[in-house]
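Source file: entry35.csv; contents: CSV, C-alpha atoms and all ligand atoms.
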```csv
chain,number,residue,atom,x,y,z
F,1,MET,CA,-18.0,68.7,108.1
F,2,ALA,CA,-17.3,65.8,105.8
F,3,ASP,CA,-20.1,63.4,105.2
F,4,SER,CA,-20.8,61.5,108.5
F,5,ASN,CA,-20.6,58.3,106.6
F,6,SER,CA,-18.2,55.9,108.1
F,7,ASN,CA,-16.7,54.8,104.8
F,8,LEU,CA,-14.8,58.1,104.3
F,9,HIS,CA,-11.3,58.3,105.5
F,10,ILE,CA,-8.7,61.1,105.4
F,11,VAL,CA,-5.0,60.4,105.5
F,12,ILE,CA,-2.6,63.3,105.7
F,13,GLY,CA,1.1,63.5,105.1
F,14,ASP,CA,3.4,66.5,105.4
F,15,ARG,CA,4.6,66.3,101.8
F,16,PRO,CA,3.8,64.2,98.7
F,17,ALA,CA,6.6,61.7,99.5
F,18,GLU,CA,5.1,61.0,102.9
F,19,VAL,CA,1.5,60.7,101.6
F,20,CYS,CA,2.7,58.3,98.9
F,21,LYS,CA,4.6,56.2,101.4
F,22,LYS,CA,1.4,56.0,103.5
F,23,LEU,CA,-0.5,54.9,100.3
F,24,ALA,CA,2.2,52.4,99.4
F,25,ASP,CA,1.9,50.9,102.9
F,26,PHE,CA,-1.9,50.9,102.5
F,27,ILE,CA,-1.5,48.9,99.3
F,28,VAL,CA,0.7,46.3,101.1
F,29,ASP,CA,-1.8,46.0,103.9
F,30,ASP,CA,-4.8,45.7,101.6
F,31,MET,CA,-3.2,43.1,99.5
F,32,ALA,CA,-2.4,41.1,102.6
F,33,GLU,CA,-6.1,41.0,103.4
F,34,LYS,CA,-6.9,39.4,100.1
F,35,THR,CA,-5.7,36.5,98.0
F,36,GLY,CA,-5.3,36.0,94.3
F,37,PRO,CA,-5.1,38.7,91.6
F,38,TYR,CA,-5.2,42.3,92.9
F,39,HIS,CA,-6.7,44.7,90.4
F,40,ILE,CA,-5.4,48.3,90.7
F,41,ALA,CA,-6.5,51.3,88.5
F,42,TRP,CA,-3.7,53.8,88.4
F,43,SER,CA,-4.5,57.5,88.0
F,44,GLY,CA,-2.9,59.7,85.4
F,45,GLY,CA,-1.5,63.2,85.4
F,46,SER,CA,1.6,64.1,87.4
F,47,THR,CA,0.7,63.4,91.0
F,48,PRO,CA,1.2,59.7,90.9
F,49,LYS,CA,4.8,60.0,89.6
F,50,VAL,CA,6.0,60.3,93.3
F,51,LEU,CA,4.1,57.1,94.1
F,52,PHE,CA,5.4,55.2,91.1
F,53,ARG,CA,9.0,56.1,91.9
F,54,LEU,CA,8.6,55.1,95.6
F,55,LEU,CA,7.0,51.8,94.7
F,56,THR,CA,9.9,51.1,92.3
F,57,GLU,CA,12.6,52.1,94.8
F,58,ASP,CA,11.3,50.8,98.1
F,59,TYR,CA,8.5,48.3,97.5
F,60,LYS,CA,9.9,46.0,94.9
F,61,ASP,CA,10.3,43.3,97.6
F,62,LYS,CA,7.4,44.4,99.8
F,63,ILE,CA,4.7,43.7,97.2
F,64,ASP,CA,3.9,40.3,95.5
F,65,TRP,CA,3.9,41.9,92.0
F,66,SER,CA,2.8,38.6,90.5
F,67,ARG,CA,-0.7,39.3,91.9
F,68,VAL,CA,-0.9,42.9,90.6
F,69,HIS,CA,-3.0,43.6,87.5
F,70,SER,CA,-2.8,47.2,86.3
F,71,TYR,CA,-5.6,49.2,84.7
F,72,TRP,CA,-6.2,52.9,84.1
F,73,GLY,CA,-9.2,54.9,85.2
F,74,ASP,CA,-8.8,57.1,82.2
F,75,GLU,CA,-6.4,57.4,79.2
F,76,ARG,CA,-5.7,60.1,76.7
F,77,MET,CA,-6.3,58.9,73.1
F,78,VAL,CA,-2.6,59.1,72.1
F,79,PRO,CA,-0.1,56.4,71.2
F,80,PRO,CA,1.2,54.4,74.1
F,81,ASP,CA,4.7,55.9,73.7
F,82,HIS,CA,3.3,59.5,73.6
F,83,GLU,CA,4.5,61.9,76.3
F,84,GLU,CA,0.9,62.5,77.4
F,85,SER,CA,0.1,58.8,77.8
F,86,ASN,CA,-0.9,57.8,81.3
F,87,PHE,CA,0.1,54.2,80.4
F,88,ARG,CA,3.6,55.3,79.2
F,89,MET,CA,4.2,57.2,82.5
F,90,CYS,CA,3.3,54.3,84.6
F,91,ARG,CA,5.2,51.8,82.5
F,92,GLU,CA,8.4,53.8,82.5
F,93,LEU,CA,8.3,54.8,86.2
F,94,LEU,CA,6.9,51.5,87.6
F,95,LEU,CA,5.9,48.6,85.5
F,96,ASP,CA,9.2,48.3,83.6
F,97,GLN,CA,10.9,48.2,87.0
F,98,VAL,CA,8.9,45.5,88.8
F,99,PRO,CA,8.3,41.9,88.0
F,100,VAL,CA,5.0,42.0,86.2
F,101,GLY,CA,4.2,40.2,82.9
F,102,ASP,CA,2.5,41.8,80.0
F,103,ASP,CA,-0.6,39.7,80.8
F,104,GLN,CA,-0.9,41.7,84.0
F,105,ILE,CA,-0.9,45.1,82.2
F,106,HIS,CA,-4.2,46.2,80.7
F,107,PRO,CA,-3.9,49.5,78.8
F,108,VAL,CA,-6.6,51.2,76.8
F,109,ALA,CA,-6.2,50.3,73.1
F,110,THR,CA,-5.5,53.9,72.0
F,111,GLU,CA,-4.8,52.8,68.4
F,112,LEU,CA,-8.5,52.3,68.0
F,113,VAL,CA,-11.0,55.1,67.3
F,114,PRO,CA,-12.2,56.5,70.7
F,115,ASP,CA,-15.7,54.9,70.7
F,116,VAL,CA,-14.3,51.5,69.8
F,117,ALA,CA,-11.5,51.8,72.4
F,118,ALA,CA,-14.1,52.7,75.1
F,119,SER,CA,-16.2,49.6,74.2
F,120,ALA,CA,-13.2,47.4,74.1
F,121,TYR,CA,-12.0,48.6,77.5
F,122,SER,CA,-15.5,48.0,78.9
F,123,GLU,CA,-15.4,44.4,77.6
F,124,MET,CA,-11.9,43.9,79.0
F,125,LEU,CA,-12.8,45.1,82.4
F,126,LEU,CA,-15.9,42.9,82.5
F,127,GLU,CA,-13.8,39.9,81.4
F,128,ASN,CA,-10.9,40.5,83.9
F,129,LEU,CA,-12.6,41.8,87.0
F,130,PRO,CA,-15.2,40.3,89.4
F,131,ALA,CA,-18.6,41.8,88.9
F,132,ASN,CA,-20.9,43.2,91.6
F,133,GLU,CA,-24.7,42.5,91.8
F,134,ASP,CA,-25.3,45.3,89.3
F,135,GLY,CA,-23.0,43.6,86.8
F,136,LEU,CA,-20.3,46.3,87.2
F,137,PRO,CA,-16.6,45.4,87.3
F,138,VAL,CA,-15.1,45.8,90.7
F,139,LEU,CA,-11.5,47.1,91.1
F,140,ASP,CA,-9.7,46.2,94.3
F,141,LEU,CA,-8.1,49.6,94.4
F,142,ASN,CA,-9.1,52.6,92.3
F,143,ILE,CA,-6.5,55.4,92.5
F,144,LEU,CA,-7.9,58.7,91.3
F,145,GLY,CA,-6.5,62.2,91.0
F,146,MET,CA,-8.4,65.4,91.0
F,147,GLY,CA,-7.8,68.2,88.6
F,148,ASP,CA,-7.8,71.9,89.5
F,149,ASP,CA,-11.4,72.1,88.1
F,150,GLY,CA,-12.5,69.2,90.3
F,151,HIS,CA,-12.5,66.6,87.5
F,152,THR,CA,-11.6,63.1,88.2
F,153,ALA,CA,-10.5,60.3,85.9
F,154,SER,CA,-11.7,62.1,82.7
F,155,ILE,CA,-15.0,63.2,84.0
F,156,PHE,CA,-15.0,66.9,83.6
F,157,PRO,CA,-17.5,69.5,84.9
F,158,HIS,CA,-18.9,70.0,81.4
F,159,GLN,CA,-19.7,66.3,81.1
F,160,MET,CA,-21.3,65.5,84.5
F,161,ASP,CA,-23.6,63.0,82.7
F,162,LEU,CA,-20.6,60.6,82.7
F,163,LEU,CA,-21.1,60.3,86.5
F,164,THR,CA,-24.3,58.4,85.9
F,165,ASP,CA,-23.6,56.9,82.4
F,166,LYS,CA,-24.8,53.3,82.2
F,167,ARG,CA,-21.8,52.3,80.2
F,168,ILE,CA,-18.6,50.9,81.8
F,169,CYS,CA,-16.4,53.2,79.8
F,170,ALA,CA,-17.1,56.2,77.7
F,171,VAL,CA,-15.4,58.8,75.5
F,172,ALA,CA,-14.7,62.1,77.2
F,173,THR,CA,-13.4,65.4,75.8
F,174,HIS,CA,-10.9,67.6,77.6
F,175,PRO,CA,-12.7,71.0,78.0
F,176,GLU,CA,-9.7,73.1,76.8
F,177,SER,CA,-7.7,71.0,74.4
F,178,GLY,CA,-10.6,69.0,73.0
F,179,GLN,CA,-8.4,65.9,73.5
F,180,LYS,CA,-10.4,62.7,73.3
F,181,ARG,CA,-10.1,60.4,76.3
F,182,VAL,CA,-11.5,57.0,77.4
F,183,THR,CA,-12.7,57.1,81.0
F,184,ILE,CA,-14.4,54.7,83.3
F,185,THR,CA,-17.8,56.1,84.3
F,186,GLY,CA,-19.2,57.2,87.7
F,187,PRO,CA,-21.0,54.0,88.5
F,188,VAL,CA,-17.8,51.9,87.8
F,189,ILE,CA,-15.7,54.3,90.0
F,190,ASN,CA,-18.3,53.9,92.8
F,191,ALA,CA,-18.4,50.1,92.4
F,192,SER,CA,-14.7,49.9,93.5
F,193,ALA,CA,-13.8,48.1,96.7
F,194,LYS,CA,-11.5,50.9,97.7
F,195,ILE,CA,-11.3,54.3,96.1
F,196,ILE,CA,-8.2,56.4,96.7
F,197,PHE,CA,-8.0,60.1,96.0
F,198,LEU,CA,-4.3,60.9,95.8
F,199,VAL,CA,-4.2,64.7,95.8
F,200,THR,CA,-1.4,67.0,96.6
F,201,GLY,CA,-0.5,70.7,96.3
F,202,GLN,CA,-2.0,74.0,97.5
F,203,ARG,CA,-3.8,74.7,94.2
F,204,LYS,CA,-6.1,71.7,95.0
F,205,ALA,CA,-6.9,72.9,98.5
F,206,GLU,CA,-10.0,75.0,97.7
F,207,LYS,CA,-11.8,72.2,95.8
F,208,VAL,CA,-10.7,69.6,98.4
F,209,ALA,CA,-12.2,71.7,101.2
F,210,GLN,CA,-15.5,72.3,99.2
F,211,ILE,CA,-15.9,68.5,98.8
F,212,LEU,CA,-14.9,67.4,102.3
F,213,ASP,CA,-17.0,70.1,103.9
F,214,SER,CA,-19.9,69.3,101.6
F,215,LYS,CA,-20.1,72.9,100.4
F,216,LYS,CA,-22.7,73.9,97.8
F,217,ALA,CA,-19.9,74.7,95.4
F,218,ALA,CA,-19.0,71.0,95.3
F,219,ASP,CA,-22.2,70.3,93.4
F,220,GLU,CA,-20.3,71.4,90.3
F,221,LEU,CA,-17.3,69.2,90.9
F,222,PRO,CA,-17.3,65.6,89.5
F,223,ALA,CA,-14.9,64.4,92.3
F,224,ALA,CA,-17.6,65.3,94.8
F,225,TYR,CA,-19.8,62.5,93.4
F,226,VAL,CA,-17.2,59.8,94.1
F,227,LYS,CA,-19.0,57.9,96.9
F,228,PRO,CA,-18.4,54.1,96.9
F,229,ASN,CA,-21.6,52.1,97.0
F,230,ARG,CA,-20.3,49.4,99.3
F,231,GLY,CA,-16.6,50.2,99.4
F,232,GLU,CA,-14.4,52.6,101.2
F,233,LEU,CA,-13.2,56.1,100.1
F,234,TYR,CA,-9.9,57.5,101.2
F,235,TRP,CA,-8.5,60.9,100.6
F,236,PHE,CA,-4.7,60.8,100.7
F,237,LEU,CA,-3.6,64.4,101.0
F,238,ASP,CA,-0.5,66.4,101.7
F,239,GLU,CA,-0.8,69.3,104.1
F,240,ALA,CA,-0.9,71.8,101.2
F,241,ALA,CA,-4.0,70.1,99.6
F,242,TYR,CA,-5.7,69.6,102.9
F,243,GLY,CA,-5.3,73.2,103.7
F,244,ASP,CA,-5.2,74.9,107.1
F,245,THR,CA,-8.9,74.7,107.7
F,246,THR,CA,-10.1,73.5,111.1
F,247,PRO,CA,-9.9,69.7,111.5
F,248,ARG,CA,-13.0,68.1,109.9
W,301,LIG,C1,-5.5,62.5,83.6
W,301,LIG,C2,-5.9,62.1,85.0
W,301,LIG,C3,-6.6,63.2,85.7
W,301,LIG,C4,-5.6,63.6,86.8
W,301,LIG,C5,-6.0,65.0,87.3
W,301,LIG,C6,-4.9,65.5,88.3
W,301,LIG,O1,-5.5,61.7,82.7
W,301,LIG,O2,-5.0,63.7,83.6
W,301,LIG,O3,-6.4,60.9,85.2
W,301,LIG,O4,-7.8,62.9,86.3
W,301,LIG,O5,-5.6,62.7,87.8
W,301,LIG,O6,-6.1,65.9,86.2
W,301,LIG,O7,-3.7,65.7,87.5
W,301,LIG,P1,-2.3,66.1,88.2
W,301,LIG,O8,-1.9,65.0,89.1
W,301,LIG,O9,-1.4,66.4,87.1
W,301,LIG,O10,-2.7,67.4,89.0
```
Now that the file is in, can you turn its structure into structure tokens?
Ligand code: 6PG
Amino acid sequence: MADSNSNLHIVIGDRPAEVCKKLADFIVDDMAEKTGPYHIAWSGGSTPKVLFRLLTEDYKDKIDWSRVHSYWGDERMVPPDHEESNFRMCRELLLDQVPVGDDQIHPVATELVPDVAASAYSEMLLENLPANEDGLPVLDLNILGMGDDGHTASIFPHQMDLLTDKRICAVATHPESGQKRVTITGPVINASAKIIFLVTGQRKAEKVAQILDSKKAADELPAAYVKPNRGELYWFLDEAAYGDTTPR
């Protein structure tokens, strides 16, 4: 069974488009419960493309974009116009299409050397976000993906120490390509008010099941250590990623 804790929620949609619509509606509802700036960290990779297109096409008038501040839970250390840039993907598919100002968009400064970029992003997060009693910046909504290997943000299985790193952001290394990345660390992820795993596709089902069923194998998966301290955790999954296991 999934953890018995009450702050874990599972939202299922038949297909990615339905899951992303449920997430888009969730964002509308969560923003309505708050006032002032709404700080969202967008995930990278390919999964969120469906969400970005949906927000652009159907939620331009449903969201007060003047409140939305955009951040990234991780970023590849490539130029902002590089095809692998998480920022570029979000900018092209969403941020260039909705009424947000440059002062609401907070990308990682990838023109800097990785360590300096990580420190600068840490300072920016501390300056722009409210802090919790541990002095950690608190995102209103932290949208995360999960890789086939169970990584999340850019916390990979070979760098599990980033889950407990005392820094706000750190430099990570992709296990295959060696690509340097800046990632928020585990404590910052878990400081978020609401954490969303947006995970779709059958190839993720095994790891999702290991995590939600608290299997021993999940001990090796960084995504299994995402457990908000005081916030809420939501898994937004399509049927393929949720798998055909018995209801949890
Ligand atoms: C990144 C992401 C990473 C991603 C997962 C899932 O920079 O790649 O932040 O954590 O969310 O790898 O990627 P897909 O959505 O492409 O499966």
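Within the 7 Å cut-off around Ile12 (chain F), using only C-alpha atoms and omitting residues fewer than 6 positions from it on the same chain, the listed residues are Val19, Phe236, Leu237, Asp238 and Glu239 of chain F.
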With 10 Å as the cut-off and all atoms listed in the file counted, what is the closest atom pair between each nearby residue of region 100-180 of chain F and region 82-91 of chain F? Distances in Å to one decimal, ordered by chain and number, as JSON lines.
```
{"residue": "F:Ile105", "atom": "CA", "partner": "F:Arg91", "partner_atom": "CA", "distance": 9.1}
{"residue": "F:His106", "atom": "CA", "partner": "F:Phe87", "partner_atom": "CA", "distance": 9.1}
{"residue": "F:Pro107", "atom": "CA", "partner": "F:Phe87", "partner_atom": "CA", "distance": 6.4}
{"residue": "F:Val108", "atom": "CA", "partner": "F:Phe87", "partner_atom": "CA", "distance": 8.2}
{"residue": "F:Thr110", "atom": "CA", "partner": "F:Ser85", "partner_atom": "CA", "distance": 9.4}
```
> Using only C-alpha atoms, which residues sit within 7 Å of region 202-205 of chain F once same-chain residues fewer than 4 positions away are excluded, as a VMD selection string?
Replying inline: chain F and resid 148 209 240 to 243
Would you give me, as JSON lines, each residue of chain F having an atom within 6 Å of an atom of ligand LIG 301 (chain W), along with its shortest atom pair and that distance in Å to one decimal, using all atoms listed in the file and sorting by chain and residue number?
```
{"residue": "F:Ser43", "atom": "CA", "partner": "W:LIG301", "partner_atom": "O3", "distance": 4.8}
{"residue": "F:Gly44", "atom": "CA", "partner": "W:LIG301", "partner_atom": "O3", "distance": 3.7}
{"residue": "F:Gly45", "atom": "CA", "partner": "W:LIG301", "partner_atom": "O9", "distance": 3.6}
{"residue": "F:Ser46", "atom": "CA", "partner": "W:LIG301", "partner_atom": "O9", "distance": 3.8}
{"residue": "F:Thr47", "atom": "CA", "partner": "W:LIG301", "partner_atom": "O8", "distance": 3.6}
{"residue": "F:Asp74", "atom": "CA", "partner": "W:LIG301", "partner_atom": "O3", "distance": 5.4}
{"residue": "F:Glu75", "atom": "CA", "partner": "W:LIG301", "partner_atom": "O1", "distance": 5.6}
{"residue": "F:Leu144", "atom": "CA", "partner": "W:LIG301", "partner_atom": "O5", "distance": 5.8}
{"residue": "F:Gly145", "atom": "CA", "partner": "W:LIG301", "partner_atom": "O5", "distance": 3.4}
{"residue": "F:Met146", "atom": "CA", "partner": "W:LIG301", "partner_atom": "C6", "distance": 4.4}
{"residue": "F:Gly147", "atom": "CA", "partner": "W:LIG301", "partner_atom": "O6", "distance": 3.7}
{"residue": "F:Thr152", "atom": "CA", "partner": "W:LIG301", "partner_atom": "O4", "distance": 4.3}
{"residue": "F:Ala153", "atom": "CA", "partner": "W:LIG301", "partner_atom": "O4", "distance": 3.8}
{"residue": "F:Ser154", "atom": "CA", "partner": "W:LIG301", "partner_atom": "O4", "distance": 5.4}
```
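Coordinates place CA of Leu54 (chain F) at a distance of 7.9 Å from CA of Ala17 (chain F).
If you look at CA of Cys169 (chain F) and CA of Tyr121 (chain F), they are 6.8 Å away from each other.
Here CA of Ala218 (chain F) is placed at a distance of 11.1 Å from CA of His151 (chain F).
Among the candidates F:Ala223, F:Leu93, F:Ala118, F:Val208, the residue lying nearest to Phe156 (chain F) is F:Ala223 (atoms considered: all atoms listed in the file).
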>> Residues within 12 Å of Arg230 (chain F), please, as a PyMOL selection string. Count all atoms listed in the file; anything in the same chain fewer than 5 positions from it doesn't count.
In response: chain F and resi 5-8+132-134+138+187+189-195
> Nearest to Asp30 (chain F): which of F:Asp140, F:Glu206, F:Asp103, F:Asp61 is it, counting all atoms listed in the file?
Replying inline: F:Asp140
